[in-house]
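Participant: As input, take start26.txt (compact mmCIF, C-alpha atoms and all ligand atoms):
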```txt
# COMPACT_ATOMS: atom_id res chain seq x y z
CA MET A 3 13.02 -3.97 -76.67
CA VAL A 4 13.39 -1.12 -74.17
CA ASN A 5 11.69 2.21 -74.85
CA VAL A 6 13.54 4.98 -72.97
CA ILE A 7 11.25 7.98 -72.40
CA GLY A 8 13.05 11.32 -71.92
CA LEU A 9 16.42 11.77 -73.64
CA GLY A 10 17.99 14.46 -71.45
CA TYR A 11 21.14 14.40 -69.32
CA ILE A 12 20.20 11.01 -67.82
CA GLY A 13 17.94 9.29 -70.35
CA LEU A 14 20.24 9.77 -73.34
CA PRO A 15 23.44 8.26 -71.89
CA THR A 16 21.41 5.44 -70.33
CA ALA A 17 19.76 4.61 -73.66
CA LEU A 18 23.10 4.77 -75.49
CA MET A 19 24.81 2.59 -72.90
CA MET A 20 22.12 -0.10 -73.10
CA ALA A 21 22.09 -0.04 -76.90
CA SER A 22 25.86 -0.39 -77.09
CA HIS A 23 25.67 -3.42 -74.79
CA GLY A 24 23.32 -5.51 -76.88
CA VAL A 25 19.90 -4.29 -75.68
CA GLU A 26 17.47 -3.26 -78.42
CA VAL A 27 16.61 0.38 -77.57
CA ILE A 28 14.32 3.05 -78.97
CA GLY A 29 14.61 6.47 -77.35
CA THR A 30 11.52 8.69 -77.22
CA ASP A 31 11.40 12.40 -76.39
CA TYR A 32 8.54 14.79 -77.07
CA ASN A 33 11.04 17.53 -77.90
CA LYS A 34 11.13 17.22 -81.71
CA LYS A 35 14.16 19.49 -82.07
CA LEU A 36 16.15 17.25 -79.71
CA VAL A 37 15.09 14.10 -81.58
CA ASP A 38 15.95 15.73 -84.94
CA THR A 39 19.42 16.63 -83.62
CA LEU A 40 20.04 13.03 -82.50
CA ASN A 41 18.74 11.70 -85.81
CA ALA A 42 21.12 14.08 -87.60
CA GLY A 43 23.95 12.21 -85.83
CA LYS A 44 24.72 14.81 -83.16
CA THR A 45 24.63 14.64 -79.36
CA THR A 46 22.68 17.32 -77.49
CA PHE A 47 25.14 18.20 -74.70
CA LYS A 48 28.88 18.03 -74.02
CA GLU A 49 30.05 15.15 -71.85
CA LYS A 50 33.33 13.20 -71.70
CA GLY A 51 33.05 10.08 -73.89
CA LEU A 52 29.44 10.75 -74.94
CA ASP A 53 30.13 11.25 -78.66
CA GLU A 54 32.01 7.94 -78.88
CA LEU A 55 29.24 6.16 -76.98
CA PHE A 56 26.67 7.74 -79.30
CA ASP A 57 28.50 6.48 -82.42
CA GLU A 58 28.70 2.99 -80.94
CA ALA A 59 24.98 2.95 -80.03
CA VAL A 60 24.00 4.14 -83.51
CA LYS A 61 26.13 1.35 -85.00
CA CYS A 62 24.27 -1.08 -82.75
CA GLY A 63 20.93 0.15 -84.07
CA ILE A 64 19.49 2.62 -81.50
CA LYS A 65 16.60 4.70 -82.88
CA PHE A 66 15.25 8.09 -81.74
CA THR A 67 11.66 9.21 -82.16
CA THR A 68 8.87 11.35 -80.70
CA GLU A 69 6.54 8.31 -80.69
CA TYR A 70 5.92 6.02 -77.69
CA GLN A 71 6.56 2.38 -78.61
CA VAL A 72 4.58 -0.82 -78.12
CA THR A 73 6.95 -2.98 -76.08
CA ASP A 74 7.35 -4.86 -72.80
CA THR A 75 9.79 -2.53 -70.96
CA TYR A 76 9.81 1.25 -70.53
CA ILE A 77 12.39 3.41 -68.72
CA ILE A 78 11.16 6.87 -67.78
CA SER A 79 13.75 9.60 -67.21
CA VAL A 80 11.87 12.90 -67.17
CA PRO A 81 12.39 15.95 -64.91
CA THR A 82 11.28 16.07 -61.27
CA PRO A 83 11.49 19.67 -60.10
CA TYR A 84 10.28 20.81 -56.69
CA ASP A 85 7.46 23.20 -55.99
CA LYS A 86 9.15 26.43 -54.83
CA PHE A 87 6.44 27.10 -52.20
CA SER A 88 5.58 23.68 -50.74
CA LYS A 89 9.11 22.27 -51.42
CA LYS A 90 7.42 18.98 -52.35
CA VAL A 91 8.37 17.04 -55.46
CA ASP A 92 6.44 18.06 -58.56
CA ALA A 93 5.59 14.67 -60.07
CA CYS A 94 3.60 16.03 -63.01
CA TYR A 95 6.20 15.08 -65.67
CA VAL A 96 6.48 11.54 -64.31
CA VAL A 97 2.70 11.08 -64.14
CA ALA A 98 2.31 12.48 -67.67
CA ALA A 99 5.04 10.20 -69.07
CA VAL A 100 3.50 7.15 -67.36
CA GLY A 101 0.18 8.17 -68.96
CA ASN A 102 1.85 8.37 -72.40
CA VAL A 103 3.20 4.86 -71.90
CA LEU A 104 -0.12 3.44 -70.71
CA ASP A 105 -1.78 4.75 -73.89
CA VAL A 106 0.27 2.32 -75.98
CA CYS A 107 1.72 -0.44 -73.77
CA PRO A 108 0.50 -4.04 -73.92
CA LYS A 109 -0.78 -5.78 -70.78
CA GLY A 110 2.02 -7.17 -68.61
CA ALA A 111 4.56 -4.46 -69.48
CA THR A 112 7.10 -3.16 -66.94
CA VAL A 113 7.43 0.59 -66.36
CA VAL A 114 10.73 1.60 -64.75
CA ILE A 115 10.84 5.12 -63.29
CA GLU A 116 14.43 6.38 -63.22
CA SER A 117 13.54 9.97 -62.32
CA THR A 118 14.43 10.95 -58.75
CA VAL A 119 11.27 11.09 -56.62
CA SER A 120 10.60 11.61 -52.92
CA PRO A 121 9.62 8.60 -50.80
CA GLY A 122 5.95 7.82 -51.38
CA THR A 123 5.67 9.58 -54.75
CA ILE A 124 4.92 6.38 -56.64
CA ASP A 125 2.25 5.43 -54.07
CA LYS A 126 0.70 8.91 -53.97
CA TYR A 127 0.79 9.97 -57.61
CA VAL A 128 1.73 7.15 -59.96
CA ARG A 129 -0.38 4.22 -58.65
CA PRO A 130 -3.64 6.23 -58.60
CA ALA A 131 -2.95 7.51 -62.14
CA VAL A 132 -2.30 3.94 -63.36
CA GLU A 133 -5.42 2.56 -61.66
CA ALA A 134 -7.53 5.43 -63.01
CA LYS A 135 -6.66 4.20 -66.50
CA GLY A 136 -8.09 0.77 -65.66
CA PHE A 137 -4.81 -1.09 -65.14
CA THR A 138 -4.34 -3.48 -62.22
CA ILE A 139 -0.79 -3.09 -60.86
CA GLY A 140 1.01 -6.42 -60.54
CA ARG A 141 -1.15 -7.99 -63.27
CA ASP A 142 -1.60 -5.58 -66.20
CA ILE A 143 1.43 -3.47 -65.39
CA HIS A 144 4.53 -3.78 -63.20
CA LEU A 145 6.08 -0.73 -61.55
CA VAL A 146 9.78 -0.38 -60.76
CA HIS A 147 11.92 2.48 -59.48
CA ALA A 148 15.58 2.52 -60.55
CA PRO A 149 17.15 5.84 -59.47
CA GLU A 150 20.33 7.07 -61.13
CA ARG A 151 23.55 8.19 -59.38
CA ILE A 152 25.81 9.36 -62.22
CA ILE A 153 27.58 12.71 -62.05
CA PRO A 154 27.86 15.08 -65.03
CA GLY A 155 31.48 15.21 -66.17
CA ASN A 156 32.02 11.51 -65.48
CA MET A 157 28.73 9.98 -66.63
CA VAL A 158 30.04 7.34 -69.01
CA TYR A 159 32.53 5.91 -66.49
CA GLU A 160 29.98 6.00 -63.67
CA LEU A 161 27.24 4.30 -65.71
CA LEU A 162 29.63 1.41 -66.18
CA HIS A 163 30.95 1.24 -62.62
CA ASN A 164 28.48 2.64 -60.05
CA ASN A 165 26.44 0.40 -57.78
CA ARG A 166 22.67 0.72 -58.42
CA THR A 167 19.40 0.31 -56.57
CA ILE A 168 16.24 -1.22 -58.00
CA GLY A 169 12.94 -1.05 -56.15
CA ALA A 170 10.09 -3.29 -57.26
CA ASP A 171 6.77 -4.61 -55.90
CA GLU A 172 7.62 -8.15 -57.03
CA ARG A 173 11.05 -9.74 -56.57
CA GLU A 174 10.99 -11.48 -60.02
CA VAL A 175 10.21 -8.21 -61.79
CA GLY A 176 13.05 -6.49 -59.90
CA GLU A 177 15.41 -9.33 -60.93
CA ALA A 178 14.35 -9.06 -64.60
CA VAL A 179 15.07 -5.31 -64.58
CA ARG A 180 18.36 -5.97 -62.76
CA LYS A 181 19.41 -8.17 -65.70
CA ILE A 182 18.78 -5.32 -68.19
CA TYR A 183 20.98 -2.93 -66.17
CA ALA A 184 23.58 -5.66 -65.64
CA SER A 185 24.07 -5.71 -69.43
CA PHE A 186 26.38 -2.71 -68.93
CA CYS A 187 26.67 -2.03 -65.18
CA GLY A 188 29.66 -3.67 -63.50
CA GLY A 189 28.69 -2.40 -60.02
CA GLU A 190 26.54 -4.21 -57.47
CA ILE A 191 22.80 -3.95 -58.17
CA VAL A 192 20.64 -4.17 -55.05
CA VAL A 193 16.99 -5.17 -55.44
CA THR A 194 14.64 -3.79 -52.78
CA ASP A 195 11.10 -2.37 -52.49
CA ILE A 196 9.99 0.82 -54.21
CA ARG A 197 9.75 3.12 -51.19
CA THR A 198 13.21 2.13 -49.95
CA ALA A 199 14.64 2.84 -53.40
CA GLU A 200 12.90 6.23 -53.49
CA MET A 201 14.24 7.16 -50.04
CA THR A 202 17.83 6.00 -50.65
CA LYS A 203 18.26 8.25 -53.68
CA VAL A 204 16.97 11.34 -51.87
CA VAL A 205 19.00 10.52 -48.74
CA GLU A 206 22.21 10.19 -50.77
CA ASN A 207 21.85 13.68 -52.22
CA THR A 208 20.76 15.06 -48.86
CA PHE A 209 23.89 13.66 -47.22
CA ARG A 210 25.96 15.54 -49.76
CA ALA A 211 23.98 18.79 -49.38
CA VAL A 212 24.27 18.76 -45.58
CA ASN A 213 28.02 18.14 -45.72
CA ILE A 214 28.54 20.93 -48.25
CA ALA A 215 26.46 23.24 -46.04
CA PHE A 216 28.71 22.42 -43.07
CA ALA A 217 31.79 23.49 -45.06
CA ASN A 218 29.98 26.64 -46.24
CA GLU A 219 28.97 27.54 -42.69
CA LEU A 220 32.58 27.10 -41.52
CA ALA A 221 33.65 29.45 -44.33
CA LYS A 222 31.23 32.10 -43.06
CA ILE A 223 32.40 31.70 -39.44
CA CYS A 224 36.05 31.88 -40.49
CA ARG A 225 35.43 34.95 -42.68
CA HIS A 226 33.75 36.70 -39.76
CA ASP A 227 36.96 36.54 -37.69
CA ASN A 228 39.49 36.37 -40.51
CA MET A 229 40.57 32.73 -40.06
CA ASP A 230 41.78 30.59 -42.98
CA VAL A 231 38.99 28.06 -43.54
CA TYR A 232 41.03 25.97 -46.00
CA GLU A 233 43.95 25.58 -43.59
CA ILE A 234 41.54 24.72 -40.78
CA ILE A 235 39.74 22.09 -42.87
CA ARG A 236 43.07 20.66 -44.06
CA ILE A 237 44.28 20.19 -40.49
CA CYS A 238 40.92 18.84 -39.23
CA ASN A 239 40.90 16.29 -42.05
CA MET A 240 44.15 14.85 -40.68
CA HIS A 241 41.98 13.46 -37.87
CA PRO A 242 41.28 9.80 -38.75
CA ARG A 243 37.49 10.18 -38.46
CA VAL A 244 36.99 13.67 -39.93
CA ASN A 245 36.43 14.38 -43.62
CA ILE A 246 35.12 17.91 -44.18
CA LEU A 247 34.27 18.99 -47.74
CA GLN A 248 35.39 22.28 -49.30
CA PRO A 249 33.24 25.43 -49.18
CA GLY A 250 32.12 26.99 -52.48
CA PRO A 251 29.99 29.71 -54.10
CA GLY A 252 26.78 27.67 -53.86
CA VAL A 253 25.23 24.46 -55.14
CA GLY A 254 23.67 24.01 -58.58
CA GLY A 255 22.51 21.24 -60.87
CA HIS A 256 19.29 19.30 -60.66
CA CYS A 257 20.16 16.96 -57.81
CA ILE A 258 21.87 18.31 -54.68
CA SER A 259 20.20 21.71 -54.94
CA VAL A 260 16.74 20.16 -55.46
CA ASP A 261 16.21 16.66 -54.01
CA PRO A 262 16.80 17.46 -50.29
CA TRP A 263 13.92 19.97 -50.49
CA PHE A 264 11.60 16.99 -51.10
CA LEU A 265 12.23 15.81 -47.52
CA VAL A 266 11.75 19.33 -46.13
CA GLY A 267 8.45 19.56 -48.04
CA ASP A 268 7.18 16.17 -46.85
CA TYR A 269 8.52 16.29 -43.28
CA PRO A 270 8.69 20.00 -42.36
CA SER A 271 8.67 19.47 -38.61
CA LEU A 272 11.31 16.71 -38.74
CA ALA A 273 13.79 17.74 -41.44
CA LYS A 274 15.34 20.68 -39.51
CA VAL A 275 19.04 20.13 -40.23
CA ILE A 276 18.22 19.56 -43.90
CA ASP A 277 16.13 22.74 -44.10
CA GLU A 278 18.91 24.88 -42.56
CA SER A 279 21.54 23.22 -44.77
CA MET A 280 19.60 23.99 -47.94
CA LYS A 281 19.14 27.60 -46.85
CA THR A 282 22.87 27.88 -46.09
CA ASN A 283 23.80 26.57 -49.55
CA ASP A 284 21.20 28.75 -51.27
CA GLY A 285 22.60 31.78 -49.43
CA MET A 286 26.14 31.32 -50.76
CA PRO A 287 25.76 33.26 -54.06
CA GLU A 288 24.54 36.29 -52.06
CA PHE A 289 27.44 35.81 -49.62
CA VAL A 290 29.87 35.79 -52.57
CA LEU A 291 28.24 38.91 -54.01
CA ASN A 292 28.70 40.78 -50.72
CA ARG A 293 32.30 39.59 -50.61
CA ILE A 294 32.79 41.02 -54.15
CA TYR A 295 31.58 44.43 -52.92
CA GLU A 296 33.90 44.16 -49.91
CA ILE A 297 36.92 43.36 -52.12
CA MET A 298 36.00 46.20 -54.49
CA ARG A 299 35.92 48.63 -51.55
CA GLU A 300 39.26 47.33 -50.20
CA ASN A 301 40.81 47.99 -53.60
CA GLY A 302 39.31 51.43 -54.04
CA MET A 303 37.08 50.33 -56.92
CA THR A 304 33.90 52.34 -57.54
CA ASP A 305 30.46 50.77 -58.00
CA THR A 306 31.03 50.76 -61.74
CA GLY A 307 34.40 48.98 -61.42
CA ARG A 308 35.24 46.34 -63.99
CA VAL A 309 34.34 43.01 -62.39
CA GLY A 310 34.10 39.69 -64.23
CA LEU A 311 32.73 36.29 -63.21
CA TYR A 312 34.67 33.33 -64.59
CA GLY A 313 32.26 30.40 -65.08
CA LEU A 314 28.51 30.08 -65.68
CA THR A 315 27.97 26.35 -65.33
CA TYR A 316 27.07 24.69 -62.06
CA LYS A 317 30.26 22.62 -61.98
CA GLU A 318 33.59 22.33 -63.70
CA ASN A 319 34.16 21.03 -67.23
CA VAL A 320 30.47 20.57 -68.16
CA ASP A 321 28.02 22.80 -70.09
CA ASP A 322 25.07 22.37 -67.69
CA MET A 323 24.00 25.74 -66.22
CA ARG A 324 20.87 24.61 -64.37
CA GLU A 325 20.52 26.35 -60.97
CA SER A 326 24.15 27.48 -61.28
CA PRO A 327 25.56 29.69 -58.47
CA THR A 328 26.67 32.25 -61.08
CA LEU A 329 23.11 32.59 -62.41
CA GLN A 330 21.81 32.86 -58.82
CA LEU A 331 24.42 35.52 -58.05
CA LEU A 332 23.45 37.52 -61.17
CA GLU A 333 19.80 37.30 -60.18
CA SER A 334 20.44 38.66 -56.72
CA GLN A 335 22.76 41.33 -58.13
CA ALA A 336 19.97 42.49 -60.47
CA ARG A 337 17.75 42.89 -57.37
CA HIS A 338 20.41 45.19 -55.88
CA LEU A 339 20.08 47.24 -59.10
CA ALA A 340 23.88 47.23 -59.43
CA PRO A 341 25.50 47.51 -62.85
CA PRO A 342 25.83 44.14 -64.63
CA LEU A 343 28.92 42.01 -64.10
CA LYS A 344 30.87 40.69 -67.06
CA VAL A 345 30.71 36.93 -67.51
CA TYR A 346 32.67 34.30 -69.41
CA ASP A 347 32.49 30.50 -69.62
CA PRO A 348 34.41 28.38 -72.14
CA PHE A 349 31.62 25.77 -72.15
CA VAL A 350 28.76 28.18 -72.93
CA SER A 351 28.73 29.30 -76.56
CA ASP A 352 25.19 30.75 -76.65
CA ASP A 353 24.50 34.22 -75.25
CA VAL A 354 22.57 33.51 -72.05
CA VAL A 355 23.32 36.60 -69.94
CA LYS A 356 24.13 40.27 -70.49
CA ASP A 357 27.78 41.23 -70.94
CA GLN A 358 28.83 37.70 -71.81
CA TYR A 359 32.19 37.05 -73.46
CA HIS A 360 33.25 34.12 -75.61
CA ASP A 361 37.00 34.53 -75.46
CA LEU A 362 39.11 34.36 -72.31
CA ASP A 363 41.63 37.01 -73.41
CA GLU A 364 38.92 39.50 -74.44
CA PHE A 365 37.14 38.90 -71.12
CA LEU A 366 40.31 39.43 -69.10
CA ALA A 367 41.21 42.57 -71.05
CA ASP A 368 37.91 44.13 -69.90
CA VAL A 369 38.05 43.34 -66.16
CA ASP A 370 40.21 44.35 -63.17
CA LEU A 371 38.68 41.98 -60.61
CA VAL A 372 38.21 38.35 -61.68
CA VAL A 373 35.92 36.14 -59.59
CA ILE A 374 36.61 32.43 -60.14
CA MET A 375 33.16 30.84 -59.77
CA VAL A 376 33.89 27.53 -61.54
CA LYS A 377 37.17 25.59 -61.58
CA HIS A 378 37.20 24.62 -65.26
CA ASN A 379 40.54 23.12 -66.36
CA GLU A 380 40.97 26.13 -68.66
CA ILE A 381 41.45 28.59 -65.79
CA ARG A 382 43.70 26.22 -63.84
CA GLU A 383 45.93 26.02 -66.93
CA ASN A 384 45.93 29.80 -67.50
CA MET A 385 46.66 31.15 -64.01
CA ASP A 386 49.56 33.25 -65.32
CA LYS A 387 47.02 35.33 -67.29
CA LEU A 388 45.57 36.51 -63.95
CA LYS A 389 48.90 37.87 -62.65
CA GLU A 390 48.00 41.54 -63.20
CA LYS A 391 44.42 41.12 -61.88
CA ILE A 392 42.73 41.26 -58.51
CA VAL A 393 41.53 37.66 -58.06
CA PHE A 394 38.68 36.50 -55.86
CA ASP A 395 38.89 32.71 -55.89
CA THR A 396 35.70 31.04 -54.57
CA GLN A 397 37.04 27.59 -55.49
CA ASN A 398 40.49 27.65 -53.87
CA VAL A 399 42.32 26.81 -57.10
CA CYS A 400 44.31 29.99 -57.66
CA THR A 401 48.04 29.49 -57.16
CA LEU A 402 48.85 33.25 -57.25
CA GLU A 403 49.95 35.19 -54.16
CA GLY A 404 47.40 37.64 -52.81
CA ALA A 405 44.21 36.05 -54.18
CA TYR A 406 41.13 36.69 -52.06
CA HIS A 407 39.07 33.78 -50.77
CA ILE A 408 35.53 33.09 -49.64
N1 LIG A 501 21.16 15.52 -64.35
C1 LIG A 501 21.69 14.82 -63.37
O1 LIG A 501 22.85 14.96 -63.04
C2 LIG A 501 20.87 13.73 -62.66
C3 LIG A 501 21.53 12.74 -61.92
C4 LIG A 501 20.78 11.74 -61.31
C5 LIG A 501 19.40 11.77 -61.42
N2 LIG A 501 18.76 12.76 -62.14
C6 LIG A 501 17.31 12.71 -62.26
O2 LIG A 501 16.99 12.18 -63.54
C7 LIG A 501 15.75 12.74 -64.00
C8 LIG A 501 15.94 13.34 -65.38
O3 LIG A 501 16.83 14.42 -65.26
P1 LIG A 501 17.58 15.02 -66.51
O4 LIG A 501 18.68 15.87 -65.96
O5 LIG A 501 17.93 13.96 -67.50
O6 LIG A 501 16.41 15.95 -67.14
P2 LIG A 501 16.42 16.69 -68.55
O7 LIG A 501 15.56 17.89 -68.38
O8 LIG A 501 17.83 16.84 -69.04
O9 LIG A 501 15.72 15.66 -69.55
C9 LIG A 501 14.41 15.28 -69.47
C10 LIG A 501 13.89 14.99 -70.87
O10 LIG A 501 12.59 14.43 -70.76
C11 LIG A 501 11.79 14.89 -71.85
N3 LIG A 501 10.40 14.67 -71.48
C12 LIG A 501 9.71 15.16 -70.42
N4 LIG A 501 8.47 14.64 -70.36
C13 LIG A 501 8.35 13.78 -71.42
C14 LIG A 501 7.30 12.95 -71.89
N5 LIG A 501 6.13 12.88 -71.28
N6 LIG A 501 7.54 12.23 -73.01
C15 LIG A 501 8.72 12.29 -73.65
N7 LIG A 501 9.75 13.04 -73.23
C16 LIG A 501 9.58 13.79 -72.12
C17 LIG A 501 12.20 16.34 -72.00
O11 LIG A 501 11.89 16.84 -73.29
C18 LIG A 501 13.72 16.25 -71.74
O12 LIG A 501 14.44 16.09 -72.94
C19 LIG A 501 15.33 13.76 -62.94
O13 LIG A 501 14.42 13.15 -62.05
C20 LIG A 501 16.63 14.07 -62.22
O14 LIG A 501 16.41 14.49 -60.89
C21 LIG A 501 19.47 13.72 -62.78
```
Starting from the file, give its structure as structure tokens.
Facilitator:
Amino acid sequence: MVNVIGLGYIGLPTALMMASHGVEVIGTDYNKKLVDTLNAGKTTFKEKGLDELFDEAVKCGIKFTTEYQVTDTYIISVPTPYDKFSKKVDACYVVAAVGNVLDVCPKGATVVIESTVSPGTIDKYVRPAVEAKGFTIGRDIHLVHAPERIIPGNMVYELLHNNRTIGADEREVGEAVRKIYASFCGGEIVVTDIRTAEMTKVVENTFRAVNIAFANELAKICRHDNMDVYEIIRICNMHPRVNILQPGPGVGGHCISVDPWFLVGDYPSLAKVIDESMKTNDGMPEFVLNRIYEIMRENGMTDTGRVGLYGLTYKENVDDMRESPTLQLLESQARHLAPPLKVYDPFVSDDVVKDQYHDLDEFLADVDLVVIMVKHNEIRENMDKLKEKIVFDTQNVCTLEGAYHI
């Protein structure tokens, strides 16, 4: 039996996927409200195909609880934020969850850490914590790191098809864990050592952050001298060895906007390009805000003009708002002491910010300038509703003549 610890965006779909592929699974989370919701037959976030997967896993016998189980295999999927000052990974949730497991696990159990951690985290924080509890690693307990690559919005498909990496101290333990993941994963599963697995995950997200930053920097250069960044990128990408990404209003979520900082924190004198890239991406919401003021001035709007942000989530067609560019923009706008902007997102039903709307038509009726922050399908399908508006499109999806761009 596998006990999955942490039933959030990653742990829940992983647990459901294993359960629906013949693995006996019990999911544990210390958030009682979350466990109660799952036990009431409801999923805790919106994701394509998740409800169907949930029903299948329940049919196959998955259980949800706040208790840690006595078993031979644990998968830990708890948060790994970064410390805002040192930029280093904050491993406290992982260390605490490993401690919870060690309180109940039998000798010889395998503890798989799925959470993203910086290279060396398991050596620096997890091994000492395990040894302090009197366990000998490799005899009483086996440690494995199996980072996750899935993307919100396409998690179910990617769980089934992505390649995976498993890092283990002992080859046989890595192979045994590989078999558990192979119950559902059709991709290639590479078995390596723990530090290599830690580094690959962080490098993958860093690669993406640096490439996004390059596109964002081009957008700033092009804006400075009024060149069309999208046309320039389109033409450059016709070169057989060039593939530039698209600029945007910033980077959110708990991966690309967080993990590269781990390398800056651990290697401050070496990770220069990464450091600058992260600062460039983090500066985009402020850049967009200044562009809003510029567009307001160009259109003769006063400081109290009716401006609305379309989209609160960090990416399209999901309900995850963590570190979202819109929230970052609102934060920096509050520092400017400017009047609040109106906000609407079809995926966010709770009231999370001031002046939030829950109906697209009501939102549009109250604004003159619409800023497209997120390219949800809804706005792509309702472009004609923006015909009478001033549109600032940070995502390059607007098909209307005269829209402003980044
Ligand atoms: N969200 C993503 O897109 C994504 C993608 C790849 C990797 N990751 C990584 O996966 C890890 C988990 O991220 P997430 O987005 O699922 O986080 P999350 O915040 O959605 O979920 C974490 C869950 O763990 C629970 N938890 C924390 N400590 C616990 C403990 N000691 N015992 C029991 N439950 C505990 C929390 O209550 C929460 O429900 C992170 O390291 C993240 O970087 C996330």
Participant: Counting all atoms listed in the file, I want the residues whose atoms come within 10 Å of (30.9, 45.4, -55.6) in the file frame, returned as a list in words.
Facilitator: Leu291, Asn292, Arg293, Ile294, Tyr295, Glu296, Ile297, Met298, Arg299, Met303, Thr304, Asp305, Thr306, Gly307, Arg308, Val309, Gln335, Ala340, Pro341, Leu343 and Leu371 of chain A
Participant: Those residues you just picked out, can you put them in a file as a compact mmCIF listing (two decimals), in the frame of the given file with C-alpha atoms?
Facilitator:
```
# COMPACT_ATOMS: atom_id res chain seq x y z
CA LEU A 291 28.24 38.91 -54.01
CA ASN A 292 28.70 40.78 -50.72
CA ARG A 293 32.30 39.59 -50.61
CA ILE A 294 32.79 41.02 -54.15
CA TYR A 295 31.58 44.43 -52.92
CA GLU A 296 33.90 44.16 -49.91
CA ILE A 297 36.92 43.36 -52.12
CA MET A 298 36.00 46.20 -54.49
CA ARG A 299 35.92 48.63 -51.55
CA MET A 303 37.08 50.33 -56.92
CA THR A 304 33.90 52.34 -57.54
CA ASP A 305 30.46 50.77 -58.00
CA THR A 306 31.03 50.76 -61.74
CA GLY A 307 34.40 48.98 -61.42
CA ARG A 308 35.24 46.34 -63.99
CA VAL A 309 34.34 43.01 -62.39
CA GLN A 335 22.76 41.33 -58.13
CA ALA A 340 23.88 47.23 -59.43
CA PRO A 341 25.50 47.51 -62.85
CA LEU A 343 28.92 42.01 -64.10
CA LEU A 371 38.68 41.98 -60.61
```
Participant: May I ask which of the residues A:Asp31, A:Glu233, A:Glu383, A:Asp74 is the closest one to Leu9 in chain A, counting all atoms listed in the file?
Facilitator: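 Among A:Asp31, A:Glu233, A:Glu383, A:Asp74, it is A:Asp31 that comes nearest to Leu9 in chain A.
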Participant: 9 Å from ligand LIG 501 (chain A) is the threshold here; counting only C-alpha atoms and all ligand atoms, which polymer residues fall inside it? Answer as number ranges by chain.
Facilitator: A: 6-14, 30-34, 36-37, 68-70, 78-83, 94-103, 115-119, 149-154, 157, 203, 255-257, 260-261, 322
Participant: Could you pull out every residue with an atom within 6 Å of (36.0, 26.0, -46.3), file coordinates, counting all atoms listed in the file, and send them as number ranges by chain?
Facilitator: A: 217, 220-221, 231-232, 248-249
Participant: Could you tell me how far CA of Ile139 in chain A lies from CA of Gln71 in chain A, in Å and to one decimal?
Facilitator: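 According to the coordinates, CA of Ile139 in chain A and CA of Gln71 in chain A are separated by 20.0 Å.
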Participant: Which residue is closest to Leu265 in chain A? Choose from A:Asp277, A:Glu26, A:Asp125, A:Asp230 and count all atoms listed in the file.
Facilitator: A:Asp277
Participant: May I ask which of the residues A:Arg141, A:His378, A:Lys89, A:Arg129 is the closest one to Ala273 in chain A, counting only C-alpha atoms?
Facilitator: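 Nearest to Ala273 in chain A: A:Lys89.
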Participant: Using only C-alpha atoms, can you tell me which of A:Leu311, A:Val354, A:Val266, A:Met323 comes closest to Val372 in chain A?
Facilitator: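 For Val372 in chain A, the nearest of the given residues is A:Leu311.
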Participant: So that I can check the surroundings of Asp284 in chain A, please list as a list in words every protein, DNA and RNA residue that reaches within 9 Å of it, counting all atoms listed in the file and ignoring chain neighbours fewer than 5 positions away.
Facilitator: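 Close residues of Asp284 in chain A: Gly252, Val253, Ser259, Ser279, Pro327 and Gln330 of chain A.
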Participant: Compare A:Arg197, A:Lys281, A:His23, A:Lys90 by their minimum atom-to-atom distance to Ile182 in chain A, counting all atoms listed in the file, and give me the closest one.
Facilitator: A:His23
Participant: If we count only C-alpha atoms, what is near Asn213 in chain A at a cut-off of 9 Å, once residues fewer than 5 positions away on the same chain are taken out, given as a PyMOL selection string?
Facilitator: chain A and resi 208+218+246-247+279
Participant: Emit the selected residues as a PDB file, in the frame of the given file, including C-alpha atoms.
Facilitator:
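Printed below is result_7.pdb as written:
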```pdb
ATOM      1  CA  THR A 208      20.760  15.060 -48.860  1.00  0.00           C
ATOM      2  CA  ASN A 218      29.980  26.640 -46.240  1.00  0.00           C
ATOM      3  CA  ILE A 246      35.120  17.910 -44.180  1.00  0.00           C
ATOM      4  CA  LEU A 247      34.270  18.990 -47.740  1.00  0.00           C
ATOM      5  CA  SER A 279      21.540  23.220 -44.770  1.00  0.00           C
TER       6      SER A 279
END
```
Participant: Find the residues around Gly404 in chain A up to 12 Å (only C-alpha atoms counted), leave out those fewer than 2 positions away in its own chain, and share them as a list in words.
Facilitator: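 Within the cut-off, the hits are Ile297, Leu388, Lys389, Glu390, Lys391, Ile392, Val393, Phe394, Asp395, Cys400, Thr401, Leu402, Tyr406 and His407 of chain A.
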Participant: As an exercise, work out the distance from CA of Gly250 in chain A to CA of Ile408 in chain A in Å and give it to one decimal place.
Facilitator: 7.5 Å
Participant: Quick one: pull the distance between CA of Asn398 in chain A and CA of Asn228 in chain A, Å, one decimal.
Facilitator: 16.0 Å
